[in-house]
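Undergrad: To be precise about what I am sending: the file is called run22.txt and holds compact mmCIF, C-alpha atoms.
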# COMPACT_ATOMS: atom_id res chain seq x y z
CA MET A 1 92.42 80.46 -42.25
CA LYS A 2 91.65 80.64 -38.55
CA LEU A 3 90.66 77.41 -36.81
CA ILE A 4 87.28 78.73 -35.60
CA TYR A 5 86.37 79.77 -39.16
CA LYS A 6 87.32 76.31 -40.48
CA ILE A 7 85.18 74.61 -37.84
CA THR A 8 82.20 76.88 -38.57
CA LEU A 9 82.50 76.24 -42.30
CA LEU A 10 82.63 72.48 -41.81
CA LEU A 11 79.57 72.56 -39.54
CA LEU A 12 77.64 74.62 -42.09
CA LEU A 13 78.50 72.22 -44.88
CA ALA A 14 77.48 69.27 -42.73
CA GLY A 15 74.16 70.92 -41.84
CA ALA A 16 74.92 70.78 -38.13
CA ILE A 17 74.32 74.51 -37.80
CA ARG A 18 72.24 76.85 -39.93
CA PRO A 19 73.27 80.19 -41.36
CA CYS A 20 71.24 83.30 -40.62
CA LYS A 21 67.98 83.62 -42.49
CA ALA A 22 68.29 84.80 -46.08
CA GLN A 23 67.48 88.33 -47.13
CA PHE A 24 63.89 89.45 -47.32
CA ALA A 25 62.24 88.19 -50.51
CA LYS A 26 60.93 90.94 -52.76
CA GLY A 27 59.33 89.18 -55.66
CA ALA A 28 57.38 89.11 -58.89
CA ASP A 29 55.25 86.36 -60.40
CA VAL A 30 55.90 86.62 -64.16
CA GLY A 31 54.09 83.70 -65.78
CA TRP A 32 52.86 85.88 -68.65
CA LEU A 33 56.29 87.17 -69.60
CA PRO A 34 57.23 84.61 -72.32
CA GLN A 35 53.89 85.12 -74.07
CA MET A 36 54.19 88.89 -73.85
CA GLU A 37 57.61 88.72 -75.46
CA ALA A 38 56.42 86.24 -78.11
CA THR A 39 53.58 88.53 -79.12
CA GLY A 40 55.87 91.54 -79.48
CA PHE A 41 55.35 93.49 -76.26
CA LYS A 42 58.46 95.56 -75.59
CA PHE A 43 59.82 96.57 -72.19
CA TYR A 44 61.62 99.87 -71.66
CA ASP A 45 63.47 101.66 -68.92
CA SER A 46 62.57 105.19 -67.84
CA ASP A 47 64.81 106.63 -70.58
CA GLY A 48 63.04 104.67 -73.30
CA ASN A 49 65.75 102.06 -73.82
CA ALA A 50 64.54 98.53 -74.61
CA LYS A 51 65.55 96.16 -71.81
CA ASP A 52 64.90 92.66 -70.47
CA CYS A 53 61.86 92.76 -68.20
CA LEU A 54 63.59 90.65 -65.55
CA LEU A 55 66.48 93.11 -65.46
CA LEU A 56 64.04 96.01 -65.10
CA LEU A 57 62.46 94.20 -62.15
CA LYS A 58 65.84 93.56 -60.58
CA GLU A 59 66.72 97.24 -60.90
CA ARG A 60 63.64 97.99 -58.79
CA GLY A 61 64.76 95.75 -55.95
CA ILE A 62 63.08 92.51 -57.01
CA ASN A 63 65.24 89.56 -55.97
CA THR A 64 62.75 86.69 -56.33
CA ILE A 65 60.80 85.23 -59.26
CA ARG A 66 57.68 83.08 -58.83
CA LEU A 67 56.62 80.78 -61.68
CA ARG A 68 53.33 78.89 -61.96
CA VAL A 69 53.24 75.39 -63.45
CA TRP A 70 50.31 73.79 -65.25
CA VAL A 71 50.21 70.12 -66.23
CA ASN A 72 49.14 70.09 -69.90
CA PRO A 73 48.29 73.71 -70.70
CA SER A 74 46.84 75.01 -73.95
CA ASN A 75 48.54 77.57 -76.18
CA ASP A 76 46.04 80.26 -75.18
CA ARG A 77 47.92 83.53 -74.86
CA GLY A 78 46.58 84.52 -71.44
CA SER A 79 45.35 81.27 -69.88
CA GLY A 80 47.80 78.75 -71.30
CA HIS A 81 51.52 78.03 -71.54
CA CYS A 82 53.39 77.69 -68.19
CA GLY A 83 54.15 74.02 -68.77
CA LYS A 84 57.31 72.27 -67.63
CA LYS A 85 59.51 73.31 -70.58
CA GLU A 86 58.66 77.01 -70.36
CA THR A 87 59.03 76.96 -66.59
CA VAL A 88 62.56 75.59 -66.88
CA GLU A 89 63.47 78.20 -69.50
CA MET A 90 62.16 81.04 -67.34
CA ALA A 91 63.91 79.66 -64.27
CA GLN A 92 67.20 79.62 -66.17
CA ARG A 93 66.75 83.26 -67.12
CA ALA A 94 66.03 84.23 -63.53
CA GLN A 95 69.00 82.27 -62.21
CA LYS A 96 71.37 83.98 -64.63
CA LEU A 97 70.37 87.28 -63.02
CA GLY A 98 71.05 85.90 -59.55
CA MET A 99 67.39 85.80 -58.57
CA ARG A 100 65.77 83.44 -56.10
CA LEU A 101 63.03 81.09 -57.29
CA MET A 102 59.59 79.90 -56.19
CA ILE A 103 57.64 77.24 -58.12
CA ASP A 104 53.85 77.35 -57.80
CA PHE A 105 52.12 74.05 -58.64
CA HIS A 106 48.44 74.55 -59.58
CA TYR A 107 47.80 70.84 -60.31
CA SER A 108 45.56 71.88 -63.18
CA ASP A 109 45.81 72.62 -66.90
CA SER A 110 44.93 76.28 -66.29
CA TRP A 111 44.01 78.63 -63.44
CA ALA A 112 43.40 77.13 -60.01
CA ASP A 113 42.02 79.47 -57.34
CA PRO A 114 39.31 79.53 -54.64
CA ALA A 115 36.54 79.40 -57.28
CA LYS A 116 37.97 76.53 -59.33
CA GLN A 117 40.32 73.63 -58.74
CA LYS A 118 39.79 71.59 -61.90
CA LYS A 119 41.79 68.42 -62.33
CA PRO A 120 44.08 68.15 -65.36
CA ALA A 121 42.29 66.46 -68.26
CA ALA A 122 44.77 63.59 -68.22
CA TRP A 123 43.92 62.87 -64.58
CA GLU A 124 40.16 63.32 -64.87
CA LYS A 125 39.18 59.64 -64.71
CA HIS A 126 41.88 58.54 -62.29
CA SER A 127 41.09 56.88 -58.98
CA PHE A 128 42.13 58.60 -55.78
CA PRO A 129 45.27 56.44 -55.36
CA GLU A 130 46.18 57.32 -58.95
CA LEU A 131 45.66 61.03 -58.20
CA CYS A 132 48.07 60.74 -55.29
CA ASN A 133 50.63 59.21 -57.62
CA ASP A 134 49.92 61.92 -60.22
CA VAL A 135 50.69 64.69 -57.72
CA TYR A 136 53.91 63.03 -56.62
CA LYS A 137 55.08 62.23 -60.15
CA HIS A 138 54.26 65.66 -61.62
CA THR A 139 55.89 67.52 -58.73
CA PHE A 140 58.98 65.34 -58.84
CA GLU A 141 59.36 65.49 -62.63
CA VAL A 142 59.21 69.29 -62.82
CA LEU A 143 61.63 69.77 -59.94
CA ASP A 144 63.94 67.01 -61.19
CA THR A 145 64.07 68.63 -64.62
CA LEU A 146 65.01 71.93 -62.98
CA LYS A 147 67.66 70.14 -60.93
CA SER A 148 69.09 68.54 -64.07
CA VAL A 149 69.97 72.02 -65.39
CA GLY A 150 71.44 73.14 -62.08
CA ILE A 151 68.40 74.84 -60.55
CA THR A 152 66.86 74.05 -57.17
CA PRO A 153 64.08 76.43 -56.16
CA GLU A 154 64.11 77.89 -52.69
CA TRP A 155 60.36 77.46 -52.27
CA VAL A 156 57.66 75.21 -53.72
CA GLN A 157 53.94 75.84 -53.45
CA VAL A 158 51.80 72.70 -53.23
CA GLY A 159 48.53 74.05 -54.64
CA ASN A 160 47.45 77.60 -55.48
CA GLU A 161 44.94 79.46 -53.28
CA ILE A 162 43.35 76.33 -51.82
CA PRO A 163 40.97 77.35 -48.99
CA GLY A 164 38.50 74.84 -50.45
CA GLY A 165 41.14 72.24 -51.30
CA MET A 166 42.45 71.20 -54.72
CA LEU A 167 41.82 68.59 -57.42
CA TRP A 168 38.07 68.74 -56.86
CA PRO A 169 36.06 66.82 -55.87
CA GLU A 170 38.48 64.25 -54.44
CA GLY A 171 40.72 66.83 -52.78
CA SER A 172 38.03 69.15 -51.49
CA THR A 173 38.06 70.33 -47.88
CA SER A 174 34.82 68.33 -47.54
CA ASN A 175 37.17 65.33 -47.49
CA TRP A 176 40.13 66.42 -45.38
CA PRO A 177 41.73 62.95 -45.07
CA GLN A 178 42.10 62.82 -48.86
CA LEU A 179 43.21 66.45 -49.21
CA ALA A 180 45.89 65.83 -46.59
CA GLN A 181 47.22 62.86 -48.54
CA LEU A 182 47.43 64.90 -51.75
CA LEU A 183 49.24 67.76 -50.04
CA ASN A 184 51.67 65.36 -48.41
CA LYS A 185 52.42 63.75 -51.78
CA GLY A 186 53.49 67.15 -53.08
CA TYR A 187 55.55 67.72 -49.93
CA ASP A 188 57.24 64.32 -50.17
CA ALA A 189 58.10 64.74 -53.85
CA THR A 190 59.62 68.15 -53.14
CA LYS A 191 61.72 66.92 -50.24
CA ALA A 192 62.86 63.93 -52.32
CA ILE A 193 64.47 66.44 -54.70
CA ASP A 194 66.07 68.45 -51.89
CA PRO A 195 65.09 68.49 -48.20
CA LYS A 196 66.16 72.14 -47.97
CA ILE A 197 63.36 73.34 -50.28
CA LYS A 198 60.64 75.03 -48.22
CA VAL A 199 57.08 73.89 -48.96
CA ILE A 200 54.33 76.51 -48.93
CA VAL A 201 50.60 76.00 -48.45
CA HIS A 202 48.76 79.02 -49.87
CA LEU A 203 45.35 80.57 -49.19
CA ASP A 204 43.68 83.76 -50.40
CA GLU A 205 42.46 86.70 -48.25
CA GLY A 206 45.43 87.05 -45.95
CA ASN A 207 43.44 89.38 -43.72
CA ASN A 208 40.81 86.69 -42.95
CA ASN A 209 41.94 85.01 -39.75
CA ALA A 210 38.86 82.81 -39.43
CA LYS A 211 39.49 81.29 -42.86
CA TYR A 212 43.13 80.54 -41.99
CA ARG A 213 42.40 79.09 -38.58
CA THR A 214 39.73 76.80 -40.02
CA PHE A 215 42.02 75.55 -42.78
CA PHE A 216 45.22 75.13 -40.81
CA ASP A 217 43.50 73.65 -37.74
CA ASN A 218 42.22 70.95 -40.09
CA ALA A 219 45.62 70.63 -41.74
CA THR A 220 47.20 70.11 -38.32
CA GLN A 221 44.56 67.61 -37.27
CA HIS A 222 45.10 65.57 -40.46
CA GLY A 223 48.90 65.64 -40.38
CA VAL A 224 49.62 67.89 -43.36
CA ARG A 225 53.34 68.54 -43.74
CA TYR A 226 54.49 72.00 -44.82
CA ASP A 227 57.00 74.71 -43.85
CA ILE A 228 55.47 78.10 -44.65
CA ILE A 229 51.99 79.63 -44.72
CA GLY A 230 51.56 81.59 -47.95
CA MET A 231 48.99 84.36 -48.27
CA SER A 232 47.40 86.43 -51.01
CA TYR A 233 46.54 90.03 -50.21
CA TYR A 234 44.52 92.06 -52.71
CA PRO A 235 42.68 95.09 -51.29
CA TYR A 236 41.06 95.38 -54.75
CA TRP A 237 39.34 91.98 -54.44
CA ILE A 238 38.54 92.49 -50.77
CA ASN A 239 36.80 95.73 -51.79
CA LYS A 240 38.42 97.61 -48.92
CA SER A 241 41.39 99.93 -48.75
CA TYR A 242 44.63 98.53 -47.41
CA LYS A 243 44.32 101.10 -44.64
CA ALA A 244 41.21 99.28 -43.40
CA THR A 245 42.62 95.74 -43.67
CA LEU A 246 46.39 95.92 -43.09
CA GLY A 247 45.93 95.57 -39.34
CA ASP A 248 43.95 92.37 -39.86
CA LEU A 249 46.65 91.05 -42.21
CA VAL A 250 49.38 91.68 -39.65
CA ALA A 251 47.30 90.19 -36.84
CA ASN A 252 46.65 87.08 -38.93
CA MET A 253 50.32 86.64 -39.79
CA ASN A 254 51.31 86.88 -36.14
CA ASN A 255 48.54 84.47 -35.16
CA MET A 256 49.67 81.91 -37.75
CA ILE A 257 53.21 82.06 -36.39
CA ALA A 258 52.07 81.70 -32.79
CA ARG A 259 49.41 79.06 -33.45
CA TYR A 260 51.28 76.77 -35.87
CA ASN A 261 54.94 77.84 -35.46
CA LYS A 262 55.27 78.50 -39.20
CA ASP A 263 56.92 81.35 -41.06
CA VAL A 264 54.61 83.45 -43.24
CA MET A 265 54.93 85.05 -46.64
CA ILE A 266 52.80 87.21 -48.92
CA VAL A 267 53.11 85.20 -52.15
CA GLU A 268 50.59 87.31 -54.11
CA ILE A 269 49.76 90.99 -53.85
CA GLY A 270 48.41 93.65 -56.17
CA GLU A 271 46.39 96.83 -56.55
CA GLU A 272 44.80 98.67 -59.45
CA ASP A 273 47.37 99.87 -61.97
CA ARG A 274 45.81 103.30 -62.43
CA LEU A 275 46.03 104.07 -58.71
CA VAL A 276 49.79 104.58 -58.77
CA ASP A 277 50.16 106.46 -55.49
CA GLU A 278 47.74 104.11 -53.70
CA THR A 279 49.60 101.07 -54.96
CA TYR A 280 52.99 102.53 -54.00
CA ASN A 281 51.74 103.38 -50.52
CA MET A 282 50.09 99.98 -50.08
CA LEU A 283 53.24 98.12 -51.11
CA THR A 284 55.41 100.28 -48.89
CA ALA A 285 53.14 99.66 -45.91
CA VAL A 286 52.84 95.90 -46.48
CA ILE A 287 56.57 95.38 -47.04
CA LYS A 288 57.33 97.34 -43.87
CA ALA A 289 54.73 95.35 -41.90
CA VAL A 290 55.98 91.95 -43.07
CA ARG A 291 59.61 92.89 -42.45
CA SER A 292 58.69 94.05 -38.94
CA ILE A 293 57.29 90.69 -37.82
CA PRO A 294 59.34 89.55 -34.81
CA GLY A 295 62.11 87.02 -35.39
CA LYS A 296 62.21 87.77 -39.13
CA ARG A 297 59.42 85.24 -39.59
CA GLY A 298 57.76 87.34 -42.28
CA LEU A 299 59.78 86.13 -45.25
CA GLY A 300 58.75 88.32 -48.14
CA VAL A 301 56.23 89.99 -50.45
CA ILE A 302 55.63 88.96 -54.08
CA TYR A 303 53.70 91.02 -56.64
CA TRP A 304 51.51 88.98 -58.97
CA GLU A 305 52.19 89.72 -62.67
CA PRO A 306 53.54 93.27 -62.28
CA GLU A 307 54.72 93.18 -65.91
CA GLY A 308 51.21 92.36 -67.16
CA ALA A 309 50.38 95.73 -68.69
CA ARG A 310 46.63 96.19 -69.11
CA SER A 311 46.96 96.85 -72.86
CA TRP A 312 48.25 93.28 -73.27
CA SER A 313 46.67 91.35 -70.41
CA HIS A 314 43.37 93.20 -69.85
CA TYR A 315 44.23 92.71 -66.16
CA ALA A 316 43.62 95.67 -63.88
CA LEU A 317 46.17 94.88 -61.16
CA GLY A 318 49.44 94.85 -63.06
CA CYS A 319 52.17 97.34 -62.20
CA TRP A 320 53.33 98.34 -65.68
CA GLN A 321 52.45 101.15 -68.02
CA ASP A 322 51.07 100.62 -71.52
CA ASP A 323 54.16 102.37 -72.95
CA GLY A 324 56.23 99.41 -71.75
CA LYS A 325 57.76 101.17 -68.77
CA PRO A 326 57.45 100.01 -65.14
CA SER A 327 54.91 101.82 -62.99
CA PRO A 328 56.50 104.16 -60.43
CA ALA A 329 54.56 102.13 -57.84
CA LEU A 330 57.16 99.37 -58.20
CA ASP A 331 59.73 101.68 -56.66
CA ALA A 332 58.29 100.59 -53.30
CA PHE A 333 60.46 97.47 -53.62
CA LYS A 334 63.63 99.57 -53.76
CA LYS A 335 63.42 100.48 -50.09
Here is the file; what I need is its structure written in the form of structure tokens.

TA:
Amino acid sequence: MKLIYKITLLLLLAGAIRPCKAQFAKGADVGWLPQMEATGFKFYDSDGNAKDCLLLLKERGINTIRLRVWVNPSNDRGSGHCGKKETVEMAQRAQKLGMRLMIDFHYSDSWADPAKQKKPAAWEKHSFPELCNDVYKHTFEVLDTLKSVGITPEWVQVGNEIPGGMLWPEGSTSNWPQLAQLLNKGYDATKAIDPKIKVIVHLDEGNNNAKYRTFFDNATQHGVRYDIIGMSYYPYWINKSYKATLGDLVANMNNMIARYNKDVMIVEIGEEDRLVDETYNMLTAVIKAVRSIPGKRGLGVIYWEPEGARSWSHYALGCWQDDGKPSPALDAFKK
């Protein structure tokens, strides 16, 4: 082994120098998958052969899996599950296929999004200092359990679509000093597991620069610690074609990088399942745009619940056919 190679290897192991940035993340959030399998939904390749859904995703270029975590979820088929045990099991499946991993903490017993950030029932009567401890403990316990089976995620989301804050009312953006403390508890717990894990703070409407500047200006002012700005981008919910909003999305991503010196990532994306060509073209355009951000600071694009066929989920923005086969729109990730 040449001396210069030995020196480089030693410096990498010591953390004195960093390797080049990892490959572009092309991902899928698949929180519904265990329930779909448990209720008998079958996944097939284009030839009609039954196959593991994760393998079908990998064959379409997906290299990253995103998993949501709820605190004490119900057993409801569509709005439950996704507790610690199931998250670990799914993470193990993804790791066996060589896929990268993102963990998305909602800090709720079910869906958390811009319209609702309900505290877990077990935390409902806790004081604010107790809530801070809850966030730290829950984050640490899930990640420590993953670590105990040999899995360390590459990314961790502290909160899910939180333009109005999380753990309402205590963590609302009407009380930024408290929201900042809660976010930093999630950050600290993550870094206590492994400092190399990248922490994401995630908002909706990635094309809405005013929303992002308002939130992250406040986050900066109140000392919130994070590594990456995560964005959702759904032309369907914006009620405008991607052709009318992609420019705003790109401009916002570049502004976030320039204004806060943070990498950016589309952690949720989707379009109506029946508009196959539109969805394919939208994904192709967004992936190209994010990959083209200077300095490779656009890290990836993740489809939300592509496997969630409408016949099972009643969700309009999946990317799967009711016959169990992937939508041709997913082929956009192959490029």

Undergrad: Which is closer to Ser108 of chain A than all the others in A:Asn281, A:Ser79, A:Ser148, A:Gln95, using all atoms listed in the file?

TA: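 The answer is A:Ser79, which sits nearest to Ser108 of chain A.
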
Undergrad: Show me, as AutoDock Vina command-line options, the centre and edge lengths in Å to one decimal of the axis-aligned box that covers every listed atom of segment 206-221 of chain A with 5 Å on each side.

TA:
--center_x 43.0 --center_y 78.5 --center_z -41.6 --size_x 18.3 --size_y 31.8 --size_z 18.7

Undergrad: Counting only C-alpha atoms, give me one row per residue of segment 294-327 of chain A with an atom at most 12 Å from an atom of segment 282-290 of chain A, showing the shortest contact pair and its distance in Å to one decimal, sorted by chain then residue number, as a tab-separated table.

TA:
residue	atom	partner	partner_atom	distance
A:Pro294	CA	A:Val290	CA	9.2
A:Gly295	CA	A:Val290	CA	11.0
A:Lys296	CA	A:Val290	CA	8.5
A:Arg297	CA	A:Val290	CA	8.3
A:Gly298	CA	A:Val290	CA	5.0
A:Leu299	CA	A:Val290	CA	7.3
A:Gly300	CA	A:Val290	CA	6.8
A:Val301	CA	A:Ile287	CA	6.4
A:Ile302	CA	A:Ile287	CA	9.6
A:Tyr303	CA	A:Leu283	CA	9.0
A:Cys319	CA	A:Leu283	CA	11.2

Undergrad: Find the residue from A:Trp155, A:Phe215, A:Trp176, A:Trp168 that sits nearest to Asp227 of chain A; use all atoms listed in the file when measuring.

TA: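 Once distances to Asp227 of chain A are computed over all atoms listed in the file, the minimum belongs to A:Trp155.
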
Undergrad: If we count only C-alpha atoms and set the cut-off at 7 Å, which residues sit around segment 235-246 of chain A, ignoring sequence neighbours fewer than 3 positions away in its own chain? Please answer as a PyMOL selection string.

TA: chain A and resi 207+249-250+271-272+282

Undergrad: Go ahead and save the picked residues with C-alpha atoms, as a short mmCIF file (atom, residue, chain, number, x, y, z; two decimals), keeping the file's coordinate frame.

TA:
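And here is the file that came out, again.cif:
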data_model
loop_
_atom_site.label_atom_id
_atom_site.label_comp_id
_atom_site.auth_asym_id
_atom_site.auth_seq_id
_atom_site.Cartn_x
_atom_site.Cartn_y
_atom_site.Cartn_z
CA ASN A 207 43.44 89.38 -43.72
CA LEU A 249 46.65 91.05 -42.21
CA VAL A 250 49.38 91.68 -39.65
CA GLU A 271 46.39 96.83 -56.55
CA GLU A 272 44.80 98.67 -59.45
CA MET A 282 50.09 99.98 -50.08
#
